[in-house]
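Containing CSV, C-alpha atoms and all ligand atoms: query38.csv.
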```csv
chain,number,residue,atom,x,y,z
A,1,MET,CA,127.5,88.2,96.8
A,2,THR,CA,126.0,91.2,95.1
A,3,LEU,CA,126.5,94.5,96.8
A,4,ARG,CA,123.5,96.9,97.1
A,5,ILE,CA,125.1,100.3,97.0
A,6,ASP,CA,123.3,102.4,99.6
A,7,GLY,CA,122.9,105.9,98.2
A,8,LYS,CA,121.0,107.1,101.2
A,9,LEU,CA,123.8,106.2,103.6
A,10,LEU,CA,126.4,107.7,101.4
A,11,ALA,CA,124.3,110.8,101.0
A,12,ASP,CA,124.1,111.1,104.8
A,13,GLU,CA,127.9,111.0,105.0
A,14,ILE,CA,128.3,113.6,102.3
A,15,VAL,CA,125.8,116.0,103.8
A,16,GLU,CA,127.5,115.5,107.2
A,17,GLU,CA,130.9,116.5,105.6
A,18,VAL,CA,129.3,119.5,103.8
A,19,SER,CA,127.7,120.7,107.1
A,20,LYS,CA,131.1,120.8,108.7
A,21,GLU,CA,132.5,122.8,105.8
A,22,VAL,CA,129.5,125.1,105.8
A,23,ALA,CA,130.2,125.8,109.5
A,24,ASP,CA,133.8,126.7,108.8
A,25,PHE,CA,132.7,128.8,105.8
A,26,THR,CA,130.1,130.7,107.9
A,27,ALA,CA,132.6,131.2,110.7
A,28,LYS,CA,135.2,132.6,108.2
A,29,TYR,CA,132.9,134.9,106.1
A,30,ASP,CA,129.9,135.4,108.3
A,31,VAL,CA,127.7,134.3,105.4
A,32,VAL,CA,125.4,131.4,105.2
A,33,PRO,CA,125.5,129.8,101.7
A,34,GLY,CA,122.1,130.2,100.0
A,35,LEU,CA,120.4,128.0,97.5
A,36,ALA,CA,117.3,129.2,95.5
A,37,VAL,CA,115.1,126.6,93.9
A,38,VAL,CA,112.5,127.8,91.3
A,39,LEU,CA,109.6,125.4,90.7
A,40,VAL,CA,107.1,126.2,87.9
A,41,GLY,CA,103.8,124.5,88.2
A,42,ALA,CA,103.0,121.5,90.4
A,43,ASP,CA,104.6,118.4,89.0
A,44,PRO,CA,104.3,115.8,91.8
A,45,ALA,CA,107.8,114.2,91.1
A,46,SER,CA,109.3,117.6,91.3
A,47,SER,CA,107.6,118.3,94.6
A,48,VAL,CA,109.2,115.2,96.1
A,49,TYR,CA,112.6,116.4,94.9
A,50,VAL,CA,112.1,119.9,96.3
A,51,ARG,CA,110.9,118.6,99.7
A,52,ASN,CA,113.9,116.3,100.0
A,53,LYS,CA,116.2,119.1,99.0
A,54,VAL,CA,114.8,121.5,101.7
A,55,LYS,CA,115.3,118.7,104.3
A,56,ARG,CA,118.9,118.2,103.2
A,57,ALA,CA,119.7,121.9,103.0
A,58,VAL,CA,118.6,122.3,106.7
A,59,GLN,CA,120.9,119.4,107.6
A,60,ALA,CA,123.8,120.9,105.8
A,61,GLY,CA,123.3,124.3,107.4
A,62,LEU,CA,122.5,126.0,104.1
A,63,ASN,CA,119.8,128.7,103.6
A,64,SER,CA,117.2,127.3,101.3
A,65,ILE,CA,114.8,129.6,99.4
A,66,GLU,CA,111.9,128.3,97.3
A,67,HIS,CA,110.1,130.2,94.6
A,68,TYR,CA,106.8,128.6,93.5
A,69,LEU,CA,105.4,130.0,90.3
A,70,PRO,CA,102.1,129.1,88.6
A,71,ALA,CA,102.3,126.8,85.5
A,72,ASP,CA,101.1,129.6,83.3
A,73,VAL,CA,103.8,132.1,84.3
A,74,ASP,CA,105.2,134.2,81.5
A,75,GLN,CA,108.8,134.2,80.3
A,76,LYS,CA,109.4,137.8,81.3
A,77,THR,CA,108.4,137.1,85.0
A,78,LEU,CA,110.7,134.1,85.1
A,79,ASP,CA,113.5,136.1,83.4
A,80,ASP,CA,113.1,138.9,86.0
A,81,LEU,CA,113.2,136.4,88.9
A,82,ILE,CA,116.4,134.9,87.6
A,83,SER,CA,118.0,138.2,87.1
A,84,SER,CA,117.1,139.3,90.7
A,85,LEU,CA,118.5,136.0,92.1
A,86,ASN,CA,121.7,136.6,90.0
A,87,GLN,CA,122.1,139.9,91.7
A,88,ASP,CA,121.2,138.8,95.2
A,89,ASP,CA,124.4,138.3,97.3
A,90,SER,CA,122.6,136.0,99.8
A,91,VAL,CA,121.9,133.5,96.9
A,92,HIS,CA,125.0,131.4,95.9
A,93,GLY,CA,123.2,128.7,94.0
A,94,ILE,CA,120.2,128.8,91.6
A,95,LEU,CA,118.3,125.7,90.4
A,96,VAL,CA,115.3,125.9,88.0
A,97,GLN,CA,113.4,122.7,88.2
A,98,LEU,CA,113.2,121.0,84.7
A,99,PRO,CA,111.3,120.3,82.6
A,100,LEU,CA,109.5,123.6,82.2
A,101,PRO,CA,106.0,124.0,80.7
A,102,SER,CA,106.3,124.1,76.9
A,103,HIS,CA,105.5,127.8,76.5
A,104,LEU,CA,108.8,128.6,78.3
A,105,SER,CA,112.3,128.4,76.8
A,106,GLU,CA,114.5,126.1,78.8
A,107,ASN,CA,117.6,127.2,77.0
A,108,ARG,CA,116.9,130.8,77.6
A,109,ILE,CA,116.4,130.2,81.3
A,110,ILE,CA,119.5,128.1,81.7
A,111,GLU,CA,121.6,130.7,79.9
A,112,ALA,CA,120.2,133.5,82.0
A,113,ILE,CA,121.5,131.9,85.2
A,114,SER,CA,124.9,133.3,86.2
A,115,PRO,CA,127.4,130.5,85.5
A,116,GLU,CA,128.9,131.0,89.0
A,117,LYS,CA,125.5,130.2,90.6
A,118,ASP,CA,124.6,127.4,88.2
A,119,VAL,CA,124.6,124.5,90.8
A,120,ASP,CA,123.0,122.2,88.2
A,121,GLY,CA,126.0,122.7,85.9
A,122,PHE,CA,123.6,123.1,82.9
A,123,HIS,CA,124.8,126.5,81.6
A,124,PRO,CA,126.7,126.2,78.3
A,125,GLN,CA,129.8,127.7,80.0
A,126,ASN,CA,129.8,124.9,82.6
A,127,VAL,CA,129.0,122.3,80.0
A,128,GLY,CA,131.9,123.5,77.8
A,129,LYS,CA,134.3,123.6,80.7
A,130,LEU,CA,133.4,120.0,81.7
A,131,SER,CA,133.9,118.7,78.2
A,132,THR,CA,137.3,120.5,77.8
A,133,GLY,CA,138.5,119.4,81.2
A,134,GLN,CA,138.4,122.8,83.0
A,135,GLN,CA,137.1,123.2,86.6
A,136,SER,CA,133.4,123.8,86.7
A,137,LEU,CA,130.2,123.1,88.5
A,138,ILE,CA,129.3,119.5,87.7
A,139,PRO,CA,125.7,118.2,87.2
A,140,CYS,CA,124.6,116.7,90.5
A,141,THR,CA,123.2,113.4,89.2
A,142,PRO,CA,126.3,112.3,87.2
A,143,LEU,CA,128.5,113.6,90.0
A,144,GLY,CA,126.7,111.4,92.5
A,145,CYS,CA,127.1,108.4,90.2
A,146,MET,CA,130.8,109.0,89.9
A,147,ILE,CA,131.2,109.2,93.7
A,148,MET,CA,129.4,105.8,94.0
A,149,LEU,CA,131.4,104.2,91.3
A,150,GLU,CA,134.7,105.4,92.7
A,151,ARG,CA,133.8,104.1,96.2
A,152,GLN,CA,133.0,100.8,94.7
A,153,LEU,CA,135.7,100.3,92.2
A,154,GLY,CA,138.5,102.8,93.1
A,155,ASP,CA,140.4,103.6,89.9
A,156,LEU,CA,138.0,103.5,86.9
A,157,SER,CA,140.9,103.6,84.3
A,158,GLY,CA,140.4,101.3,81.4
A,159,LYS,CA,136.9,100.1,82.4
A,160,LYS,CA,134.3,99.7,79.6
A,161,ALA,CA,131.4,102.0,80.5
A,162,VAL,CA,128.1,102.1,78.7
A,163,VAL,CA,125.7,105.0,79.3
A,164,VAL,CA,122.1,104.3,78.3
A,165,GLY,CA,120.5,107.7,77.5
A,166,ARG,CA,121.9,110.9,76.0
A,167,SER,CA,120.0,113.7,77.8
A,168,ASN,CA,121.8,117.0,78.5
A,169,ILE,CA,121.0,116.6,82.2
A,170,VAL,CA,122.2,113.0,82.8
A,171,GLY,CA,123.6,110.9,79.9
A,172,LYS,CA,125.9,113.4,78.2
A,173,PRO,CA,127.6,114.8,81.4
A,174,MET,CA,127.8,111.2,82.7
A,175,ALA,CA,129.8,110.2,79.6
A,176,SER,CA,132.1,113.3,80.0
A,177,LEU,CA,132.9,112.4,83.6
A,178,LEU,CA,133.5,108.7,82.8
A,179,LEU,CA,135.8,109.7,79.9
A,180,LYS,CA,137.7,112.1,82.2
A,181,ALA,CA,138.1,109.2,84.6
A,182,ASN,CA,139.8,107.2,81.8
A,183,CYS,CA,137.0,104.8,81.0
A,184,THR,CA,136.3,103.7,77.5
A,185,VAL,CA,132.8,105.2,77.0
A,186,THR,CA,129.9,104.2,74.8
A,187,ILE,CA,126.6,106.1,74.8
A,188,VAL,CA,123.5,104.2,73.5
A,189,HIS,CA,120.0,105.6,73.0
A,190,SER,CA,116.7,105.0,71.3
A,191,ARG,CA,118.2,104.7,67.8
A,192,THR,CA,121.0,102.3,68.8
A,193,LYS,CA,121.2,98.9,67.0
A,194,ASP,CA,122.0,95.9,69.1
A,195,ILE,CA,121.7,97.9,72.3
A,196,GLU,CA,121.4,94.8,74.4
A,197,ALA,CA,124.6,93.3,73.2
A,198,THR,CA,126.5,96.6,73.6
A,199,CYS,CA,125.3,96.9,77.2
A,200,ALA,CA,126.3,93.3,77.9
A,201,GLU,CA,129.9,94.2,77.3
A,202,ALA,CA,130.0,96.9,80.0
A,203,ASP,CA,132.0,96.7,83.2
A,204,ILE,CA,130.0,99.8,84.3
A,205,LEU,CA,126.4,100.2,83.1
A,206,ILE,CA,124.6,103.5,83.7
A,207,ALA,CA,120.9,103.5,83.0
A,208,ALA,CA,119.3,106.9,82.4
A,209,VAL,CA,116.4,106.1,80.1
A,210,GLY,CA,113.1,106.7,81.9
A,211,GLN,CA,111.7,103.3,80.9
A,212,PRO,CA,110.6,101.2,83.8
A,213,LYS,CA,112.6,97.9,84.1
A,214,LEU,CA,113.9,98.1,80.5
A,215,ILE,CA,117.2,96.5,81.4
A,216,THR,CA,117.0,92.8,82.3
A,217,GLU,CA,119.4,90.0,83.0
A,218,SER,CA,120.5,89.4,79.4
A,219,TRP,CA,121.6,93.1,79.1
A,220,VAL,CA,124.3,92.8,81.8
A,221,LYS,CA,127.8,91.3,81.9
A,222,PRO,CA,128.5,89.0,84.8
A,223,GLY,CA,130.2,91.0,87.6
A,224,ALA,CA,129.2,94.4,86.1
A,225,VAL,CA,128.6,97.4,88.3
A,226,VAL,CA,125.1,98.8,87.6
A,227,ILE,CA,124.0,102.4,88.4
A,228,ASP,CA,120.3,102.9,88.0
A,229,VAL,CA,119.4,106.6,87.5
A,230,GLY,CA,115.8,106.0,86.4
A,231,ILE,CA,113.0,107.1,88.6
A,232,ASN,CA,109.7,105.8,87.2
A,233,ALA,CA,106.4,105.9,89.0
A,234,ILE,CA,104.2,102.9,88.2
A,235,GLU,CA,101.0,101.4,89.5
A,236,VAL,CA,101.3,98.1,91.3
A,237,ASP,CA,98.0,96.7,92.6
A,238,GLY,CA,96.5,100.2,92.4
A,239,LYS,CA,99.4,101.6,94.5
A,240,ARG,CA,102.0,104.1,93.2
A,241,THR,CA,105.5,102.7,93.5
A,242,LEU,CA,108.9,103.8,92.2
A,243,VAL,CA,111.0,101.6,90.0
A,244,GLY,CA,114.3,102.2,88.1
A,245,ASP,CA,115.2,101.6,84.5
A,246,VAL,CA,116.8,98.3,85.6
A,247,ASP,CA,114.8,95.2,86.5
A,248,TYR,CA,116.6,94.9,89.8
A,249,ASP,CA,115.4,91.4,90.8
A,250,SER,CA,116.3,90.1,87.3
A,251,VAL,CA,119.9,91.3,87.3
A,252,LEU,CA,120.7,91.1,91.0
A,253,SER,CA,122.4,87.7,91.1
A,254,LYS,CA,124.5,88.4,88.0
A,255,VAL,CA,126.1,91.8,88.8
A,256,SER,CA,128.7,92.6,91.4
A,257,ALA,CA,127.0,95.8,92.7
A,258,ILE,CA,123.9,97.7,91.9
A,259,THR,CA,122.1,100.8,93.2
A,260,PRO,CA,118.4,100.5,94.3
A,261,VAL,CA,115.5,102.7,93.4
A,262,PRO,CA,114.6,104.5,95.6
A,263,GLY,CA,117.6,104.9,97.9
A,264,GLY,CA,120.3,105.0,95.3
A,265,VAL,CA,121.1,107.8,92.9
A,266,GLY,CA,118.3,110.1,94.0
A,267,PRO,CA,119.6,110.9,97.5
A,268,MET,CA,123.1,111.3,96.0
A,269,THR,CA,121.8,113.9,93.5
A,270,ILE,CA,120.5,115.9,96.4
A,271,ALA,CA,123.7,115.5,98.5
A,272,CYS,CA,125.7,116.7,95.5
A,273,LEU,CA,123.5,119.7,95.1
A,274,MET,CA,124.4,120.7,98.7
A,275,LYS,CA,128.1,120.2,97.8
A,276,ASN,CA,127.8,122.3,94.7
A,277,THR,CA,126.1,125.1,96.6
A,278,LEU,CA,129.0,125.2,99.1
A,279,THR,CA,131.5,125.1,96.2
A,280,ALA,CA,129.7,127.9,94.4
A,281,ALA,CA,129.6,130.0,97.6
A,282,GLN,CA,133.3,129.4,98.2
A,283,HIS,CA,134.2,130.6,94.7
A,284,GLN,CA,132.0,133.6,94.9
A,285,LEU,CA,133.3,134.7,98.2
A,286,SER,CA,137.0,134.2,97.5
A,287,ALA,CA,136.7,135.9,94.2
A,288,SER,CA,135.0,138.9,95.7
A,289,LEU,CA,137.6,139.2,98.5
A,290,ASP,CA,140.8,139.1,96.4
B,1,LIG,N1,118.0,109.9,90.3
B,1,LIG,C1,118.0,111.2,89.9
B,1,LIG,O1,118.5,112.0,90.6
B,1,LIG,C2,117.5,111.6,88.6
B,1,LIG,C3,116.7,110.7,87.9
B,1,LIG,N2,116.3,111.0,86.6
B,1,LIG,C4,115.5,109.9,86.0
B,1,LIG,O2,116.4,109.3,85.0
B,1,LIG,C5,115.7,108.9,83.8
B,1,LIG,C6,116.3,109.6,82.6
B,1,LIG,O3,116.1,111.0,82.8
B,1,LIG,P1,116.5,112.1,81.6
B,1,LIG,O4,117.9,111.8,81.2
B,1,LIG,O5,116.1,113.4,82.0
B,1,LIG,O6,115.5,111.5,80.4
B,1,LIG,P2,115.2,112.0,78.9
B,1,LIG,O7,113.9,111.5,78.6
B,1,LIG,O8,115.6,113.4,78.8
B,1,LIG,O9,116.3,111.1,78.1
B,1,LIG,C7,116.1,109.7,78.0
B,1,LIG,C8,117.1,109.1,77.1
B,1,LIG,O10,116.9,107.7,77.0
B,1,LIG,C9,116.8,107.3,75.7
B,1,LIG,N3,115.8,106.3,75.5
B,1,LIG,C10,114.5,106.3,75.8
B,1,LIG,N4,113.9,105.1,75.6
B,1,LIG,C11,114.9,104.3,75.2
B,1,LIG,C12,114.9,102.9,74.8
B,1,LIG,N5,113.8,102.2,74.8
B,1,LIG,N6,116.1,102.4,74.5
B,1,LIG,C13,117.2,103.1,74.5
B,1,LIG,N7,117.2,104.4,74.8
B,1,LIG,C14,116.1,105.0,75.2
B,1,LIG,C15,116.4,108.5,74.9
B,1,LIG,O11,116.9,108.4,73.6
B,1,LIG,P3,116.7,109.5,72.4
B,1,LIG,O12,117.7,110.6,72.8
B,1,LIG,O13,117.0,108.8,71.2
B,1,LIG,O14,115.3,110.0,72.6
B,1,LIG,C16,117.1,109.6,75.7
B,1,LIG,O15,118.4,109.8,75.2
B,1,LIG,C17,114.2,109.3,84.1
B,1,LIG,O16,113.6,108.1,84.7
B,1,LIG,C18,114.3,110.4,85.2
B,1,LIG,O17,113.2,110.5,86.0
B,1,LIG,C19,116.6,112.2,86.0
B,1,LIG,C20,117.4,113.1,86.7
B,1,LIG,C21,117.8,112.9,88.0
B,2,LIG,N1,117.1,121.5,87.2
B,2,LIG,C1,116.9,120.2,87.6
B,2,LIG,N2,117.9,119.6,88.3
B,2,LIG,C2,117.7,118.3,88.7
B,2,LIG,O1,118.6,117.7,89.3
B,2,LIG,C3,116.4,117.7,88.4
B,2,LIG,C4,115.5,118.4,87.8
B,2,LIG,N3,115.7,119.7,87.4
B,2,LIG,N4,114.3,117.8,87.5
B,2,LIG,C5,113.9,116.5,87.9
B,2,LIG,C6,115.1,115.6,88.1
B,2,LIG,C7,114.8,114.5,89.0
B,2,LIG,N5,115.6,114.7,90.2
B,2,LIG,C8,115.6,113.9,91.4
B,2,LIG,C9,116.5,114.1,92.4
B,2,LIG,C10,116.3,113.4,93.6
B,2,LIG,C11,115.3,112.5,93.7
B,2,LIG,C12,115.2,111.7,95.0
B,2,LIG,O2,115.5,112.2,96.1
B,2,LIG,N6,114.8,110.5,95.0
B,2,LIG,C13,114.6,109.7,96.2
B,2,LIG,C14,113.2,109.7,96.8
B,2,LIG,C15,112.1,109.4,95.7
B,2,LIG,C16,110.7,109.4,96.2
B,2,LIG,O3,110.5,109.0,97.4
B,2,LIG,O4,109.8,109.8,95.4
B,2,LIG,C17,115.1,108.3,95.9
B,2,LIG,O5,115.4,108.0,94.8
B,2,LIG,O6,115.4,107.5,96.9
B,2,LIG,C18,114.4,112.3,92.7
B,2,LIG,C19,114.6,113.0,91.5
B,2,LIG,C20,116.4,115.8,90.0
B,2,LIG,N7,116.2,116.4,88.8
B,3,MG,MG,114.7,115.3,80.3
```

As structure tokens:
Amino acid sequence: MTLRIDGKLLADEIVEEVSKEVADFTAKYDVVPGLAVVLVGADPASSVYVRNKVKRAVQAGLNSIEHYLPADVDQKTLDDLISSLNQDDSVHGILVQLPLPSHLSENRIIEAISPEKDVDGFHPQNVGKLSTGQQSLIPCTPLGCMIMLERQLGDLSGKKAVVVGRSNIVGKPMASLLLKANCTVTIVHSRTKDIEATCAEADILIAAVGQPKLITESWVKPGAVVIDVGINAIEVDGKRTLVGDVDYDSVLSKVSAITPVPGGVGPMTIACLMKNTLTAAQHQLSASLD
């Protein structure tokens, strides 16, 4: 029997745990952890994300602040906003929704965010710490994937893990975390030769490609655990639906466990964002008190 890993249910549990810790934190410091999200332009996929995030922040007892900027905003205005959020003591986490319009520099914005408030874990200081095994804020999507994998498999030591995709926001940090958990890690991407055969050797297959249903039955090893990060909007009979990077129905009977889309990695990403905001606030407050 294949297990459908319920990311929504697990996210509910995590947000519930975070809300208890937030209550303790607020009682101790008389401060409500605050998360600021900056959205440039009106990308519909990003709007869903921001809406879900606001809902979860309320459940977790966090203060959520949204900044909506027009698509043609200039770099200076964005830089100034980041610097005011960095200085604002009521803001403990800052997330700038990516991708940004092409006239803006993503690297410059990511580097402008105070590493202590970088709840996405994208700042070079946090990236460097993750890859050298130091404590840091960990990117939400890979963190959510690790929580699901460890729930499913327990110790990951010695497992063969294949990550499909090498982006800075998913693929690379995913590989770092799997390596830290003692997996044998392979990253494959658009230039990989024999990608299908490599994937078919994986005990753990992570799909973070952005190609609807790319991964089919012949790509998976019998009994593998498959984590589908992909969120692709496609038209079916004139209706917009979401599908992953994995052809769910095709692989279902072959694998031991798989995450659905929607209801898999997406909700876990948001739950981990709440967790990271609490962690960031805890570090900021304890550092400023001792
Ligand atoms: N569930 C969630 O919380 C989140 C979901 N997502 C979703 O995850 C997916 C990936 O996102 P992201 O990492 O930002 O995407 P990017 O587009 O930044 O990266 C995609 C990666 O996949 C590789 N790739 C593309 N096509 C192929 C192919 N045909 N065969 C092999 N490799 C391929 C690319 O290779 P190359 O480097 O060679 O170009 C690249 O490394 C998207 O669907 C996105 O919407 C993203 C973030 C969070
Ligand atoms: N700085 C930054 N950090 C991010 O973490 C980030 C980002 N930019 N840009 C965009 C991607 C995408 N992403 C999603 C997270 C959750 C859902 C989500 O909640 N999905 C639900 C609902 C989807 C729906 O109904 O449309 C689900 O999969 O069940 C989707 C997408 C975070 N990203
Ligand atoms: Mg990208």

Can you tell me, as lines of an AutoDock Vina configuration file, the centre and edge lengths (Å, one decimal) of the axis-aligned box enclosing all of ligand LIG 2 (chain B)'s listed atoms after padding each side by 8 Å?
```
center_x = 114.2
center_y = 114.5
center_z = 92.3
size_x = 24.8
size_y = 30.0
size_z = 26.2
```

Residues of chain A within 10 Å of ligand MG 3 (chain B): nearest atom pair and distance (Å, one decimal) for each, counting all atoms listed in the file, sorted by chain and number, as JSON lines?
```
{"residue": "A:Leu98", "atom": "CA", "partner": "B:MG3", "partner_atom": "MG", "distance": 7.4}
{"residue": "A:Pro99", "atom": "CA", "partner": "B:MG3", "partner_atom": "MG", "distance": 6.5}
{"residue": "A:Leu100", "atom": "CA", "partner": "B:MG3", "partner_atom": "MG", "distance": 10.0}
{"residue": "A:Gly165", "atom": "CA", "partner": "B:MG3", "partner_atom": "MG", "distance": 10.0}
{"residue": "A:Arg166", "atom": "CA", "partner": "B:MG3", "partner_atom": "MG", "distance": 9.5}
{"residue": "A:Ser167", "atom": "CA", "partner": "B:MG3", "partner_atom": "MG", "distance": 6.1}
{"residue": "A:Asn168", "atom": "CA", "partner": "B:MG3", "partner_atom": "MG", "distance": 7.5}
{"residue": "A:Ile169", "atom": "CA", "partner": "B:MG3", "partner_atom": "MG", "distance": 6.7}
{"residue": "A:Val170", "atom": "CA", "partner": "B:MG3", "partner_atom": "MG", "distance": 8.2}
{"residue": "A:Gly171", "atom": "CA", "partner": "B:MG3", "partner_atom": "MG", "distance": 9.9}
{"residue": "A:Ala208", "atom": "CA", "partner": "B:MG3", "partner_atom": "MG", "distance": 9.8}
{"residue": "A:Val209", "atom": "CA", "partner": "B:MG3", "partner_atom": "MG", "distance": 9.4}
{"residue": "A:Gly210", "atom": "CA", "partner": "B:MG3", "partner_atom": "MG", "distance": 8.9}
```

Inset, instruction - Go through A:Val73, A:Val164, A:Leu273, A:Leu9 and flag the residue nearest A:Met148, using only C-alpha atoms for the distances. - result: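 Ranked by minimum distance to A:Met148, first place goes to A:Leu9.
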
Best match for closeness to ligand LIG 2 (chain B) among A:Ser286, A:Thr141, A:Ser102, A:Ser84, counting only C-alpha atoms and all ligand atoms: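 For ligand LIG 2 (chain B), the nearest of the given residues is A:Thr141.
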
*asked:* Please find the residues contacting ligand LIG 1 (chain B) at a distance of at most 10 Å between atoms, with all atoms listed in the file counted, and report them as a PyMOL selection string.
replied: chain A and resi 45-46+49+98-99+139-142+144-145+163-172+187-193+195-196+207-212+214-215+227-233+242-245+261-270+272

field: Close residues, A:Gly158 itself excluded, 7 Å, all atoms listed in the file, min 3 positions apart in chain, as an NGL selection string
entry: :A and (182-184)

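If you measure from each of A:Val58, A:Leu85, A:Val15, A:Ala271 to ligand LIG 2 (chain B) using all atoms listed in the file, the closest one turns out to be A:Ala271.
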
Worksheet entry | Near-A:Ala23 list (9 Å; all atoms listed in the file; drop same-chain fewer than 3 positions) as JSON, numbers by chain | {"A": [18, 19, 20, 26, 27, 28, 32, 60, 61]}

Quick one: everything within 9 Å of A:Gln284, counting only C-alpha atoms, minus sequence neighbours fewer than 5 positions away in the same chain. Send it as a ChimeraX atom specification.
/A:92,116-117,279,289

So that I have them on file, write out the residues from the current selection with C-alpha atoms, as a compact mmCIF listing (two decimals), in the coordinates of the input.
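Saved as again04.txt:
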```txt
# COMPACT_ATOMS: atom_id res chain seq x y z
CA HIS A 92 125.00 131.40 95.90
CA GLU A 116 128.90 131.00 89.00
CA LYS A 117 125.50 130.20 90.60
CA THR A 279 131.50 125.10 96.20
CA LEU A 289 137.60 139.20 98.50
```

**Q.** Polymer residues at most 9 Å from (127.0, 85.7, 94.8) by only C-alpha atoms, as a count of residues only
**A.** 6

Around the point (111.5, 118.2, 97.3) in the file's coordinates, collect all residues with an atom within 12 Å, using only C-alpha atoms, and return them as a PDB file with C-alpha atoms, keeping the file's coordinate frame.
```pdb
ATOM      1  CA  VAL A  37     115.100 126.600  93.900  1.00  0.00           C
ATOM      2  CA  VAL A  38     112.500 127.800  91.300  1.00  0.00           C
ATOM      3  CA  LEU A  39     109.600 125.400  90.700  1.00  0.00           C
ATOM      4  CA  ALA A  42     103.000 121.500  90.400  1.00  0.00           C
ATOM      5  CA  ASP A  43     104.600 118.400  89.000  1.00  0.00           C
ATOM      6  CA  PRO A  44     104.300 115.800  91.800  1.00  0.00           C
ATOM      7  CA  ALA A  45     107.800 114.200  91.100  1.00  0.00           C
ATOM      8  CA  SER A  46     109.300 117.600  91.300  1.00  0.00           C
ATOM      9  CA  SER A  47     107.600 118.300  94.600  1.00  0.00           C
ATOM     10  CA  VAL A  48     109.200 115.200  96.100  1.00  0.00           C
ATOM     11  CA  TYR A  49     112.600 116.400  94.900  1.00  0.00           C
ATOM     12  CA  VAL A  50     112.100 119.900  96.300  1.00  0.00           C
ATOM     13  CA  ARG A  51     110.900 118.600  99.700  1.00  0.00           C
ATOM     14  CA  ASN A  52     113.900 116.300 100.000  1.00  0.00           C
ATOM     15  CA  LYS A  53     116.200 119.100  99.000  1.00  0.00           C
ATOM     16  CA  VAL A  54     114.800 121.500 101.700  1.00  0.00           C
ATOM     17  CA  LYS A  55     115.300 118.700 104.300  1.00  0.00           C
ATOM     18  CA  ARG A  56     118.900 118.200 103.200  1.00  0.00           C
ATOM     19  CA  ALA A  57     119.700 121.900 103.000  1.00  0.00           C
ATOM     20  CA  SER A  64     117.200 127.300 101.300  1.00  0.00           C
ATOM     21  CA  GLU A  66     111.900 128.300  97.300  1.00  0.00           C
ATOM     22  CA  GLN A  97     113.400 122.700  88.200  1.00  0.00           C
ATOM     23  CA  GLY A 266     118.300 110.100  94.000  1.00  0.00           C
ATOM     24  CA  PRO A 267     119.600 110.900  97.500  1.00  0.00           C
ATOM     25  CA  THR A 269     121.800 113.900  93.500  1.00  0.00           C
ATOM     26  CA  ILE A 270     120.500 115.900  96.400  1.00  0.00           C
TER      27      ILE A 270
END
```

Checklist entry - Out of A:Asp6, A:Asp247, A:Asp79, A:Asp89, which residue has the shortest atom-to-atom distance to A:Glu111 when counting all atoms listed in the file? => result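 Looking only at the distances to A:Glu111, the closest residue turns out to be A:Asp79.
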
From the list A:Asn276, A:Ser90, A:Gln152, A:Ser83, the nearest residue to A:Ile138 using all atoms listed in the file is A:Asn276

Of A:Val220, A:Val96, A:Leu104, A:Leu285, the one sitting nearest ligand LIG 2 (chain B) when using all atoms listed in the file is A:Val96

Between atom C3 of ligand LIG 2 (chain B) and atom CA of A:Ser114 lies a distance of 17.9 Å

**Prompt:** In Å, how far is it from atom CA of A:Ala280 to atom CA of A:Asp88?
**Reply:**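 Computing the Euclidean distance for atom CA of A:Ala280 and atom CA of A:Asp88 yields 13.8 Å.
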
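Interatomic distance, atom O2 of ligand LIG 2 (chain B) to atom CA of A:Gly223: 27.2 Å.
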